[in-house]
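Working notes, beginning with the structure itself.
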There are 2 protein chains.
Amino acid sequence: MVSIKDVAAHAGVSPGTVSNVLNRPGKVAPATRERVEAAISELGFVRHGSASTLRAGHSRTIGLSVIDIGNPFFTEVAAGVEDVASELGYAVILGNSAGSQDKEDRNLRVLAEHRVRGVLITPSGEDPARLERLREHGISVVLVDHPAHRPDQCAVAVDDVGGGRAAVAHLLAKGARSVAYVTGPLTIRQCVERREGASAAMRATGLDPAGLRVIEAMTMTARAGEKAAADLIASGLPEAVFCANDLLALGVLRALLRAGVRVPEDVALMGYDDIDFAAASTVSLSSMRQPTYQLGRIATELLLDECDNPETHAHQHIMFQPELFARESTQ
Amino acid sequence: MVSIKDVAAHAGVSPGTVSNVLNRPGKVAPATRERVEAAISELGFVRHGSASTLRAGHSRTIGLSVIDIGNPFFTEVAAGVEDVASELGYAVILGNSAGSQDKEDRNLRVLAEHRVRGVLITPSGEDPARLERLREHGISVVLVDHPAHRPDQCAVAVDDVGGGRAAVAHLLAKGARSVAYVTGPLTIRQCVERREGASAAMRATGLDPAGLRVIEAMTMTARAGEKAAADLIASGLPEAVFCANDLLALGVLRALLRAGVRVPEDVALMGYDDIDFAAASTVSLSSMRQPTYQLGRIATELLLDECDNPETHAHQHIMFQPELFARESTQ
DNA sequence: CCCCCGCGATAGAACGTTTTACTTCCCGCG
DNA sequence: CGCGGGAAGTAAAACGTTCTATCGCGGGGG
């Protein structure tokens with residue numbers, strides 16, 4: 001294994017100079033720099049990142065912890081993160097919490113051990129303490145798709161209450177009077193806030209928000225949506241169904257159609273996230289679009305700014321508004 | 001920042017003993033072990049992974065390099081990888097090559113710098129030399145969704161020629177005589193092999209394989225599929241369209257329907273991968289299913305076996321057969 | 001002519017672990 | 001009673017960088 005010393009010997013300079021070529025090429029005379037660079041490529045040297053991290057006290061790696069990597073929503077976020085990170089020469093360690101706090105904890109521990117420069121996280125629960133521990137270890141944290149826990153922290157979020165309200169307002173405007181809300185675990189903030197928005201919309205129309213029928217699925221997947229639809233069918237269909245995300249909605253749609261229920265004639269249906277597949281489904285799905293890719297990009301830019309320019313960095317709380325796309329499922 | 005020395009001092013032992021507690025708890029007397037463990041949790045110590053990697057010579061991290069993280073196919077693979085890795089205490093660094101060799105090179109360099117234990121890769125081109133360089137640095141490589149370059153290497157693949165043949169044979173059996181193949185870049189092996197399979201199927205039915213109309217898209221996305229469909233419509237529709245993946249097929253489907261072309265009456269349509277959304281689309285999509293999650297799981301198991309048991313490890317070349325699912329789009 | 005300054009490069013310590021060789025202690029056996 | 005040997009723990013070197021202090025050198029100002 002060729003190290004910086006071998007390169008130094010081969011180029012007839014000291015290891016320190018090689019390090020300078022690597023890290024601040026401006027500080028070294030052009031002639032020697034070229035000699036060192038020649039030696040580097042000749043010997044096929046690649047820097048030992050761990051040694052560098054150990055000595056320098058920080059790495060060029062960030063962590064990304066998401067709730068469900070199988071969800072196109074997070075995939076798009078991840079794409080935004082990856083793009084920015086790789087532009088700035090950072091690597092991304094991916095952690096999938098799959099909605100489990102345990103798994104999230106394990107992932108965060110791995111990230112802490114790696115001394116990542118910072119962490120982007122969509123927390124799966126509401127326990128800021130775990131994130132505090134990261135900050136104590138000098139790891140910056142930016143919340144993604146989640147409002148800030150505290151002022152001295154960046155966060156990039158989308159207005160979920162507003163989104164839930166707009167979605168259900170739309171359903172009510174189409175004439176529905178009974179609405180069901182198919183949601184993921186109510187430990188997930190997004191699910192809770194979208195429900196609040198839904199209730200608010202009902203209240204605003206003069207309906208009793210207690211009439212909102214809530215079906216809580218264990219996971220936010222199409223399969224879980226199918227099961228939820230079976231429940232709905234068994235216990236009497238509402239006039240409209242609002243789902244906490246598109247995966248659930250697609251599952252509900254599939255199960256309803258299979259049972260001979262017509263959408264939107266018998267039941268109107270709204271999803272959330274406006275994933276690419278929403279518009280392509282059997283009955284194209286009305287949904288709330290969020291700026292996913294941008295969410296990832298901006299969060300990463302904030303994080304890396306916080307890491308690279310700690311003194312000039314200004315913490316920001318960014319809140320996007322989701323956008324309603326009405327399609328066949330709510331005609 | 002609390003180090004192993006602080007823990008040692010706090011527990012009244014030497015740093016070496018703390019290291020032993022961490023790495024081979026069996027070697028240390030129960031009483032001292034407890035004392036050390038108490039100190040660890042009391043001080044909130046977390047091991048410095050880089051120092052550990054530096055000294056031990058290897059890390060507990062693997063790299064995963066995929067062609068398109070936006071494609072549910074790869075997402076499912078990644079889920080399989082992540083599950084196995086996290087079960088065995090490994091972290092995963094994700095790299096998205098987005099089909100670009102440059103980006104893939106950059107990602108591999110980052111992985112090499114991190115001295116990852118091994119790399120799982122779906123190569124986006126056919127240049128084994130880059131992977132050789134990794135192996136020279138002592139990094140094991142397992143190919144995912146790609147046959148092995150060499151015997152002393154693990155690989156987990158799916159029979160793409162067979163899949164392409166089965167898909168087109170199905171279209172021909174449904175009565176189509178003219179077939180178009182909508183594919184991604186023909187630098188991607190999967191695209192090439194599925195075309196070969198398609199040609200073989202035509203030959204087997206007594207048709208001239210040169211009659212297979214090939215439309216090459218720059219990316220394998222729904223958007224690219226829509227554009228390809230526009231081309232098809234402009235230049236005269238075939239009786240059947242076979243797409244190199246479901247994303248392309250969904251795009252083609254969307255564009256065809258929008259143009260008033262009926263599927264399958266006017267044009268039969270086949271996708272590939274059988275992503276979850278294939279069955280849920282406007283006209284449910286016939287497709288070739290591949291064991292994606294298993295692909296990721298098995299590849300990771302092979303990789304970690306190779307890393308952890310280098311002497312007993314037997315290299316394997318695994319080849320799965322894809323499975324045809326016929327749905328409305330080819331009725 | 002000498003002193004000082006800055007540029008370019010160097011020597012060597014330091015980062016936090018793991019590992020090897022070594023010490024100490026105690027037990028059992030001849 | 002002495003000796004061998006295992007168990008438990010320690011001291012110190014080593015891993016490959018980065019960084020701080022330092023040095024030599026040439027040039028410009030006093």
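In the structure tokens, chains take the letters A, B, ... in the order shown, each chain's residues start at 1, and ligands count up from 1 in the order shown.
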
* Compile the contact shell of His114 of chain A as a count of residues only: residues with an atom at most 7 Å away, counting only C-alpha atoms (C1' of nucleotides), same-chain residues fewer than 2 positions apart removed. => 7

As an mmCIF file with C-alpha atoms, in the first residue's frame, please: chain A after a least-squares superposition onto chain B using all C-alpha atoms matched in order.
```cif
data_model
loop_
_atom_site.group_PDB
_atom_site.id
_atom_site.type_symbol
_atom_site.label_atom_id
_atom_site.label_comp_id
_atom_site.auth_asym_id
_atom_site.auth_seq_id
_atom_site.Cartn_x
_atom_site.Cartn_y
_atom_site.Cartn_z
ATOM 1 C CA MET A 1 -14.253 14.841 23.026
ATOM 2 C CA VAL A 2 -13.953 11.751 25.181
ATOM 3 C CA SER A 3 -11.450 9.140 24.016
ATOM 4 C CA ILE A 4 -10.540 5.643 24.972
ATOM 5 C CA LYS A 5 -7.930 7.051 27.357
ATOM 6 C CA ASP A 6 -10.528 8.967 29.314
ATOM 7 C CA VAL A 7 -12.575 5.826 29.627
ATOM 8 C CA ALA A 8 -9.505 3.909 30.755
ATOM 9 C CA ALA A 9 -8.641 6.494 33.401
ATOM 10 C CA HIS A 10 -12.229 6.619 34.627
ATOM 11 C CA ALA A 11 -12.373 2.840 34.949
ATOM 12 C CA GLY A 12 -8.869 2.537 36.381
ATOM 13 C CA VAL A 13 -7.525 0.339 33.583
ATOM 14 C CA SER A 14 -5.244 0.777 30.587
ATOM 15 C CA PRO A 15 -6.440 1.890 27.149
ATOM 16 C CA GLY A 16 -5.588 -1.535 25.801
ATOM 17 C CA THR A 17 -8.086 -3.125 28.107
ATOM 18 C CA VAL A 18 -10.818 -0.780 26.956
ATOM 19 C CA SER A 19 -9.980 -1.709 23.399
ATOM 20 C CA ASN A 20 -10.306 -5.358 24.354
ATOM 21 C CA VAL A 21 -13.705 -4.773 25.937
ATOM 22 C CA LEU A 22 -14.764 -3.154 22.691
ATOM 23 C CA ASN A 23 -13.365 -5.744 20.315
ATOM 24 C CA ARG A 24 -13.019 -9.075 22.144
ATOM 25 C CA PRO A 25 -15.031 -8.906 25.317
ATOM 26 C CA GLY A 26 -14.258 -12.584 25.953
ATOM 27 C CA LYS A 27 -10.613 -11.792 26.674
ATOM 28 C CA VAL A 28 -11.345 -9.621 29.666
ATOM 29 C CA ALA A 29 -12.468 -10.590 33.179
ATOM 30 C CA PRO A 30 -16.187 -10.018 33.811
ATOM 31 C CA ALA A 31 -15.597 -7.657 36.719
ATOM 32 C CA THR A 32 -13.310 -5.303 34.805
ATOM 33 C CA ARG A 33 -15.490 -5.561 31.746
ATOM 34 C CA GLU A 34 -18.455 -4.272 33.692
ATOM 35 C CA ARG A 35 -16.411 -1.477 35.160
ATOM 36 C CA VAL A 36 -15.288 -0.428 31.691
ATOM 37 C CA GLU A 37 -18.758 -0.663 30.256
ATOM 38 C CA ALA A 38 -20.062 1.516 33.063
ATOM 39 C CA ALA A 39 -17.380 4.094 32.314
ATOM 40 C CA ILE A 40 -18.240 4.009 28.628
ATOM 41 C CA SER A 41 -21.886 4.783 29.097
ATOM 42 C CA GLU A 42 -21.196 7.210 31.917
ATOM 43 C CA LEU A 43 -18.876 9.305 29.770
ATOM 44 C CA GLY A 44 -20.902 8.836 26.601
ATOM 45 C CA PHE A 45 -17.905 7.486 24.755
ATOM 46 C CA VAL A 46 -18.260 6.672 21.089
ATOM 47 C CA ARG A 47 -15.391 5.011 19.299
ATOM 48 C CA HIS A 48 -13.493 7.025 16.719
ATOM 49 C CA GLY A 49 -14.046 4.932 13.613
ATOM 50 C CA SER A 50 -11.276 6.591 11.633
ATOM 51 C CA ALA A 51 -8.628 5.906 14.233
ATOM 52 C CA SER A 52 -9.824 2.354 14.379
ATOM 53 C CA THR A 53 -9.762 1.994 10.623
ATOM 54 C CA LEU A 54 -6.327 3.547 10.426
ATOM 55 C CA ARG A 55 -4.783 1.220 12.938
ATOM 56 C CA ALA A 56 -6.695 -1.929 12.096
ATOM 57 C CA GLY A 57 -6.153 -1.474 8.372
ATOM 58 C CA HIS A 58 -9.758 -1.982 7.409
ATOM 59 C CA SER A 59 -13.129 -0.391 8.072
ATOM 60 C CA ARG A 60 -16.628 -1.616 8.764
ATOM 61 C CA THR A 61 -18.017 0.191 5.780
ATOM 62 C CA ILE A 62 -18.968 -0.987 2.345
ATOM 63 C CA GLY A 63 -19.723 0.994 -0.777
ATOM 64 C CA LEU A 64 -22.715 0.647 -3.034
ATOM 65 C CA SER A 65 -22.548 2.128 -6.495
ATOM 66 C CA VAL A 66 -25.691 2.048 -8.593
ATOM 67 C CA ILE A 67 -26.696 3.455 -11.932
ATOM 68 C CA ASP A 68 -29.875 5.244 -10.960
ATOM 69 C CA ILE A 69 -31.073 5.598 -7.414
ATOM 70 C CA GLY A 70 -34.337 7.027 -8.758
ATOM 71 C CA ASN A 71 -35.200 3.664 -10.249
ATOM 72 C CA PRO A 72 -37.249 1.488 -7.884
ATOM 73 C CA PHE A 73 -35.250 -1.477 -9.122
ATOM 74 C CA PHE A 74 -32.100 -0.120 -7.510
ATOM 75 C CA THR A 75 -33.968 1.163 -4.516
ATOM 76 C CA GLU A 76 -35.064 -2.356 -3.728
ATOM 77 C CA VAL A 77 -31.571 -3.655 -4.256
ATOM 78 C CA ALA A 78 -30.317 -0.954 -1.907
ATOM 79 C CA ALA A 79 -32.885 -1.961 0.687
ATOM 80 C CA GLY A 80 -31.575 -5.522 0.592
ATOM 81 C CA VAL A 81 -28.010 -4.306 0.907
ATOM 82 C CA GLU A 82 -28.817 -1.968 3.736
ATOM 83 C CA ASP A 83 -30.647 -4.648 5.692
ATOM 84 C CA VAL A 84 -27.829 -7.164 5.579
ATOM 85 C CA ALA A 85 -25.135 -4.566 6.178
ATOM 86 C CA SER A 86 -26.829 -3.111 9.187
ATOM 87 C CA GLU A 87 -27.496 -6.582 10.605
ATOM 88 C CA LEU A 88 -23.743 -7.211 10.542
ATOM 89 C CA GLY A 89 -22.829 -3.776 11.807
ATOM 90 C CA TYR A 90 -21.585 -2.352 8.540
ATOM 91 C CA ALA A 91 -22.337 1.100 7.235
ATOM 92 C CA VAL A 92 -23.143 1.695 3.579
ATOM 93 C CA ILE A 93 -21.813 4.556 1.508
ATOM 94 C CA LEU A 94 -24.089 5.196 -1.406
ATOM 95 C CA GLY A 95 -22.933 6.334 -4.797
ATOM 96 C CA ASN A 96 -25.190 7.158 -7.694
ATOM 97 C CA SER A 97 -23.415 7.081 -11.022
ATOM 98 C CA ALA A 98 -26.447 8.391 -12.915
ATOM 99 C CA GLY A 99 -25.152 6.418 -15.879
ATOM 100 C CA SER A 100 -22.019 8.536 -16.156
ATOM 101 C CA GLN A 101 -18.657 6.819 -16.099
ATOM 102 C CA ASP A 102 -17.088 9.998 -14.788
ATOM 103 C CA LYS A 103 -19.400 10.123 -11.849
ATOM 104 C CA GLU A 104 -18.850 6.445 -11.217
ATOM 105 C CA ASP A 105 -15.102 7.004 -11.232
ATOM 106 C CA ARG A 106 -15.430 9.848 -8.765
ATOM 107 C CA ASN A 107 -17.558 7.687 -6.526
ATOM 108 C CA LEU A 108 -15.118 4.806 -6.640
ATOM 109 C CA ARG A 109 -12.290 7.146 -5.737
ATOM 110 C CA VAL A 110 -14.227 8.355 -2.713
ATOM 111 C CA LEU A 111 -14.810 4.755 -1.704
ATOM 112 C CA ALA A 112 -11.127 3.951 -2.124
ATOM 113 C CA GLU A 113 -10.154 6.925 0.028
ATOM 114 C CA HIS A 114 -12.511 5.695 2.701
ATOM 115 C CA ARG A 115 -10.769 2.317 2.592
ATOM 116 C CA VAL A 116 -14.143 0.616 2.479
ATOM 117 C CA ARG A 117 -14.038 -3.068 3.172
ATOM 118 C CA GLY A 118 -15.683 -3.889 -0.121
ATOM 119 C CA VAL A 119 -17.769 -2.518 -2.941
ATOM 120 C CA LEU A 120 -21.041 -3.611 -4.441
ATOM 121 C CA ILE A 121 -21.398 -2.238 -7.903
ATOM 122 C CA THR A 122 -23.657 -2.343 -10.880
ATOM 123 C CA PRO A 123 -21.101 -1.087 -13.358
ATOM 124 C CA SER A 124 -22.403 1.434 -15.834
ATOM 125 C CA GLY A 125 -19.861 0.506 -18.476
ATOM 126 C CA GLU A 126 -17.716 -2.417 -19.518
ATOM 127 C CA ASP A 127 -14.341 -1.403 -18.215
ATOM 128 C CA PRO A 128 -13.071 -3.971 -15.719
ATOM 129 C CA ALA A 129 -9.810 -2.013 -15.296
ATOM 130 C CA ARG A 130 -11.326 0.473 -12.874
ATOM 131 C CA LEU A 131 -12.507 -2.357 -10.685
ATOM 132 C CA GLU A 132 -9.118 -4.012 -10.890
ATOM 133 C CA ARG A 133 -7.602 -0.933 -9.337
ATOM 134 C CA LEU A 134 -9.919 -1.313 -6.370
ATOM 135 C CA ARG A 135 -8.906 -4.921 -5.937
ATOM 136 C CA GLU A 136 -5.279 -3.867 -5.980
ATOM 137 C CA HIS A 137 -6.037 -1.665 -3.004
ATOM 138 C CA GLY A 138 -7.365 -4.697 -1.175
ATOM 139 C CA ILE A 139 -11.007 -3.819 -1.674
ATOM 140 C CA SER A 140 -13.255 -6.750 -2.520
ATOM 141 C CA VAL A 141 -15.715 -6.207 -5.321
ATOM 142 C CA VAL A 142 -19.009 -7.979 -5.907
ATOM 143 C CA LEU A 143 -20.909 -7.282 -9.089
ATOM 144 C CA VAL A 144 -24.619 -6.756 -8.773
ATOM 145 C CA ASP A 145 -26.970 -7.397 -11.664
ATOM 146 C CA HIS A 146 -23.922 -8.114 -13.780
ATOM 147 C CA PRO A 147 -22.039 -11.325 -14.592
ATOM 148 C CA ALA A 148 -18.505 -11.745 -13.273
ATOM 149 C CA HIS A 149 -15.551 -10.294 -15.133
ATOM 150 C CA ARG A 150 -13.258 -12.993 -13.805
ATOM 151 C CA PRO A 151 -13.445 -16.287 -11.942
ATOM 152 C CA ASP A 152 -12.002 -15.116 -8.613
ATOM 153 C CA GLN A 153 -14.819 -12.714 -7.995
ATOM 154 C CA CYS A 154 -18.407 -12.930 -6.818
ATOM 155 C CA ALA A 155 -21.285 -11.803 -8.968
ATOM 156 C CA VAL A 156 -25.036 -11.893 -8.705
ATOM 157 C CA ALA A 157 -26.839 -11.483 -11.973
ATOM 158 C CA VAL A 158 -30.099 -12.085 -13.767
ATOM 159 C CA ASP A 159 -30.318 -13.653 -17.202
ATOM 160 C CA ASP A 160 -31.006 -10.639 -19.388
ATOM 161 C CA VAL A 161 -30.763 -12.421 -22.702
ATOM 162 C CA GLY A 162 -33.283 -14.945 -21.473
ATOM 163 C CA GLY A 163 -35.488 -12.172 -20.140
ATOM 164 C CA GLY A 164 -35.430 -10.246 -23.405
ATOM 165 C CA ARG A 165 -36.215 -13.414 -25.320
ATOM 166 C CA ALA A 166 -39.128 -14.340 -23.069
ATOM 167 C CA ALA A 167 -40.550 -10.829 -23.276
ATOM 168 C CA VAL A 168 -40.485 -10.603 -27.042
ATOM 169 C CA ALA A 169 -41.564 -14.223 -27.470
ATOM 170 C CA HIS A 170 -44.615 -13.280 -25.443
ATOM 171 C CA LEU A 171 -45.339 -10.285 -27.670
ATOM 172 C CA LEU A 172 -44.956 -12.397 -30.798
ATOM 173 C CA ALA A 173 -47.181 -15.096 -29.326
ATOM 174 C CA LYS A 174 -49.854 -12.444 -28.925
ATOM 175 C CA GLY A 175 -49.718 -11.946 -32.681
ATOM 176 C CA ALA A 176 -47.422 -8.981 -33.111
ATOM 177 C CA ARG A 177 -45.189 -9.074 -36.185
ATOM 178 C CA SER A 178 -43.424 -5.723 -35.946
ATOM 179 C CA VAL A 179 -41.665 -4.912 -32.703
ATOM 180 C CA ALA A 180 -39.834 -1.842 -31.452
ATOM 181 C CA TYR A 181 -37.285 -1.944 -28.646
ATOM 182 C CA VAL A 182 -37.087 1.184 -26.536
ATOM 183 C CA THR A 183 -33.831 1.073 -24.644
ATOM 184 C CA GLY A 184 -31.466 3.109 -22.528
ATOM 185 C CA PRO A 185 -27.895 3.798 -23.591
ATOM 186 C CA LEU A 186 -26.423 0.801 -25.393
ATOM 187 C CA THR A 187 -23.313 1.209 -23.296
ATOM 188 C CA ILE A 188 -25.319 -0.456 -20.549
ATOM 189 C CA ARG A 189 -24.920 -4.201 -20.684
ATOM 190 C CA GLN A 190 -28.472 -4.956 -19.593
ATOM 191 C CA CYS A 191 -29.841 -2.973 -22.503
ATOM 192 C CA VAL A 192 -27.628 -4.770 -24.977
ATOM 193 C CA GLU A 193 -28.386 -8.249 -23.697
ATOM 194 C CA ARG A 194 -32.111 -7.700 -23.569
ATOM 195 C CA ARG A 195 -31.882 -6.620 -27.173
ATOM 196 C CA GLU A 196 -29.984 -9.779 -28.055
ATOM 197 C CA GLY A 197 -32.705 -11.794 -26.376
ATOM 198 C CA ALA A 198 -35.307 -9.870 -28.332
ATOM 199 C CA SER A 199 -33.518 -10.611 -31.608
ATOM 200 C CA ALA A 200 -33.212 -14.266 -30.691
ATOM 201 C CA ALA A 201 -36.937 -14.461 -30.077
ATOM 202 C CA MET A 202 -37.658 -12.975 -33.489
ATOM 203 C CA ARG A 203 -35.265 -15.352 -35.159
ATOM 204 C CA ALA A 204 -36.902 -18.265 -33.381
ATOM 205 C CA THR A 205 -40.254 -17.212 -34.824
ATOM 206 C CA GLY A 206 -38.858 -16.947 -38.317
ATOM 207 C CA LEU A 207 -38.682 -13.164 -38.378
ATOM 208 C CA ASP A 208 -35.692 -11.139 -39.445
ATOM 209 C CA PRO A 209 -34.041 -9.796 -36.288
ATOM 210 C CA ALA A 210 -32.912 -6.805 -38.308
ATOM 211 C CA GLY A 211 -36.564 -5.815 -38.335
ATOM 212 C CA LEU A 212 -36.358 -5.019 -34.632
ATOM 213 C CA ARG A 213 -36.636 -1.257 -34.483
ATOM 214 C CA VAL A 214 -34.333 0.093 -31.790
ATOM 215 C CA ILE A 215 -34.914 3.443 -30.152
ATOM 216 C CA GLU A 216 -32.118 4.436 -27.844
ATOM 217 C CA ALA A 217 -32.947 6.926 -25.110
ATOM 218 C CA MET A 218 -30.267 8.813 -23.212
ATOM 219 C CA THR A 219 -31.649 7.928 -19.798
ATOM 220 C CA MET A 220 -33.921 5.184 -18.549
ATOM 221 C CA THR A 221 -36.643 7.382 -17.133
ATOM 222 C CA ALA A 222 -40.345 7.892 -17.742
ATOM 223 C CA ARG A 223 -39.608 11.216 -19.368
ATOM 224 C CA ALA A 224 -37.238 9.584 -21.824
ATOM 225 C CA GLY A 225 -39.932 6.998 -22.517
ATOM 226 C CA GLU A 226 -42.388 9.733 -23.434
ATOM 227 C CA LYS A 227 -39.946 11.157 -25.904
ATOM 228 C CA ALA A 228 -39.297 7.753 -27.406
ATOM 229 C CA ALA A 229 -43.036 7.248 -27.850
ATOM 230 C CA ALA A 230 -43.264 10.553 -29.692
ATOM 231 C CA ASP A 231 -40.588 9.273 -32.079
ATOM 232 C CA LEU A 232 -42.534 6.068 -32.572
ATOM 233 C CA ILE A 233 -45.738 7.916 -33.316
ATOM 234 C CA ALA A 234 -44.023 10.272 -35.723
ATOM 235 C CA SER A 235 -42.402 7.481 -37.681
ATOM 236 C CA GLY A 236 -45.224 4.927 -37.671
ATOM 237 C CA LEU A 237 -46.249 2.663 -34.842
ATOM 238 C CA PRO A 238 -45.194 -0.974 -34.588
ATOM 239 C CA GLU A 239 -47.599 -3.632 -33.343
ATOM 240 C CA ALA A 240 -45.657 -4.121 -30.140
ATOM 241 C CA VAL A 241 -43.159 -2.229 -28.021
ATOM 242 C CA PHE A 242 -40.676 -3.818 -25.647
ATOM 243 C CA CYS A 243 -39.007 -1.464 -23.196
ATOM 244 C CA ALA A 244 -35.721 -2.075 -21.448
ATOM 245 C CA ASN A 245 -37.266 -1.109 -18.130
ATOM 246 C CA ASP A 246 -40.581 -0.198 -16.546
ATOM 247 C CA LEU A 247 -39.783 3.471 -16.183
ATOM 248 C CA LEU A 248 -39.371 3.773 -19.940
ATOM 249 C CA ALA A 249 -42.500 1.657 -20.456
ATOM 250 C CA LEU A 250 -44.602 3.825 -18.170
ATOM 251 C CA GLY A 251 -43.435 6.876 -20.075
ATOM 252 C CA VAL A 252 -44.244 5.257 -23.402
ATOM 253 C CA LEU A 253 -47.634 4.231 -22.085
ATOM 254 C CA ARG A 254 -48.445 7.703 -20.869
ATOM 255 C CA ALA A 255 -47.482 9.303 -24.176
ATOM 256 C CA LEU A 256 -49.331 6.734 -26.272
ATOM 257 C CA LEU A 257 -52.561 7.104 -24.312
ATOM 258 C CA ARG A 258 -52.319 10.858 -24.463
ATOM 259 C CA ALA A 259 -51.993 10.594 -28.258
ATOM 260 C CA GLY A 260 -55.118 8.457 -28.435
ATOM 261 C CA VAL A 261 -53.313 5.224 -29.172
ATOM 262 C CA ARG A 262 -55.001 2.271 -27.487
ATOM 263 C CA VAL A 263 -52.967 -0.226 -25.474
ATOM 264 C CA PRO A 264 -52.983 -3.142 -26.063
ATOM 265 C CA GLU A 265 -55.472 -2.967 -28.990
ATOM 266 C CA ASP A 266 -53.315 -0.766 -31.234
ATOM 267 C CA VAL A 267 -49.964 -1.469 -29.624
ATOM 268 C CA ALA A 268 -48.965 -4.161 -27.143
ATOM 269 C CA LEU A 269 -46.462 -3.056 -24.503
ATOM 270 C CA MET A 270 -43.958 -4.856 -22.278
ATOM 271 C CA GLY A 271 -41.752 -3.430 -19.575
ATOM 272 C CA TYR A 272 -38.917 -4.930 -17.547
ATOM 273 C CA ASP A 273 -38.186 -5.123 -13.786
ATOM 274 C CA ASP A 274 -41.809 -5.415 -12.637
ATOM 275 C CA ILE A 275 -41.523 -2.528 -10.257
ATOM 276 C CA ASP A 276 -44.407 -2.131 -7.856
ATOM 277 C CA PHE A 277 -46.004 0.550 -9.959
ATOM 278 C CA ALA A 278 -46.165 -1.551 -13.105
ATOM 279 C CA ALA A 279 -49.262 -3.378 -11.907
ATOM 280 C CA ALA A 280 -50.908 -0.139 -10.787
ATOM 281 C CA SER A 281 -50.599 1.873 -13.969
ATOM 282 C CA THR A 282 -53.429 3.102 -16.181
ATOM 283 C CA VAL A 283 -53.226 -0.004 -18.265
ATOM 284 C CA SER A 284 -51.521 -2.501 -16.013
ATOM 285 C CA LEU A 285 -48.127 -3.271 -17.439
ATOM 286 C CA SER A 286 -46.794 -6.667 -18.441
ATOM 287 C CA SER A 287 -43.253 -7.019 -17.217
ATOM 288 C CA MET A 288 -40.328 -9.296 -16.357
ATOM 289 C CA ARG A 289 -39.904 -9.635 -12.628
ATOM 290 C CA GLN A 290 -36.447 -9.871 -11.107
ATOM 291 C CA PRO A 291 -35.628 -10.821 -7.507
ATOM 292 C CA THR A 292 -34.355 -7.337 -6.695
ATOM 293 C CA TYR A 293 -34.356 -7.324 -2.922
ATOM 294 C CA GLN A 294 -32.730 -10.768 -2.938
ATOM 295 C CA LEU A 295 -30.130 -9.516 -5.391
ATOM 296 C CA GLY A 296 -29.062 -6.916 -2.848
ATOM 297 C CA ARG A 297 -29.198 -9.281 0.114
ATOM 298 C CA ILE A 298 -27.231 -12.080 -1.490
ATOM 299 C CA ALA A 299 -24.631 -9.806 -3.000
ATOM 300 C CA THR A 300 -24.004 -8.252 0.384
ATOM 301 C CA GLU A 301 -23.825 -11.602 2.108
ATOM 302 C CA LEU A 302 -21.247 -12.748 -0.415
ATOM 303 C CA LEU A 303 -19.240 -9.576 -0.024
ATOM 304 C CA LEU A 304 -19.162 -9.662 3.747
ATOM 305 C CA ASP A 305 -18.345 -13.347 3.751
ATOM 306 C CA GLU A 306 -15.441 -12.612 1.452
ATOM 307 C CA CYS A 307 -14.275 -9.865 3.802
ATOM 308 C CA ASP A 308 -14.776 -11.634 7.112
ATOM 309 C CA ASN A 309 -13.739 -15.167 6.085
ATOM 310 C CA PRO A 310 -11.208 -14.697 3.317
ATOM 311 C CA GLU A 311 -9.717 -18.166 3.694
ATOM 312 C CA THR A 312 -12.921 -20.227 3.614
ATOM 313 C CA HIS A 313 -14.754 -17.992 1.165
ATOM 314 C CA ALA A 314 -15.726 -19.559 -2.139
ATOM 315 C CA HIS A 315 -16.400 -17.173 -4.990
ATOM 316 C CA GLN A 316 -19.794 -17.621 -6.556
ATOM 317 C CA HIS A 317 -21.443 -16.628 -9.794
ATOM 318 C CA ILE A 318 -25.157 -16.578 -9.215
ATOM 319 C CA MET A 319 -27.587 -16.223 -12.088
ATOM 320 C CA PHE A 320 -31.292 -15.770 -11.515
ATOM 321 C CA GLN A 321 -34.006 -16.248 -14.084
ATOM 322 C CA PRO A 322 -36.532 -13.449 -14.506
ATOM 323 C CA GLU A 323 -40.221 -14.267 -14.487
ATOM 324 C CA LEU A 324 -42.838 -13.024 -16.919
ATOM 325 C CA PHE A 325 -45.967 -11.328 -15.605
ATOM 326 C CA ALA A 326 -48.594 -10.825 -18.308
ATOM 327 C CA ARG A 327 -51.095 -8.050 -17.642
ATOM 328 C CA GLU A 328 -53.493 -5.824 -19.568
ATOM 329 C CA SER A 329 -50.859 -4.169 -21.722
ATOM 330 C CA THR A 330 -50.368 -7.413 -23.676
ATOM 331 C CA GLN A 331 -53.829 -8.946 -23.513
#
```

Quick one: everything within 10 Å of segment 23-29 of chain D, counting only C-alpha atoms (C1' of nucleotides), minus sequence neighbours fewer than 5 positions away in the same chain. Send it as a PDB file with C-alpha atoms (C1' of nucleotides), in the first residue's frame.
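The resulting file, part-v3.pdb, is shown below:
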```pdb
ATOM      1  C1'  DC C   3      19.179  42.781   9.460  1.00  0.00           C
ATOM      2  C1'  DC C   4      14.741  41.356   8.787  1.00  0.00           C
ATOM      3  C1'  DC C   5      11.061  39.373   6.267  1.00  0.00           C
ATOM      4  C1'  DC C   7       8.666  32.186   0.712  1.00  0.00           C
ATOM      5  C1'  DG C   8       9.276  27.331   0.330  1.00  0.00           C
ATOM      6  C1'  DA C   9      10.258  23.433   2.401  1.00  0.00           C
ATOM      7  C1'  DT C  10      11.238  20.248   6.515  1.00  0.00           C
ATOM      8  C1'  DA C  11      11.235  17.757  10.950  1.00  0.00           C
TER       9       DA C  11
END
```
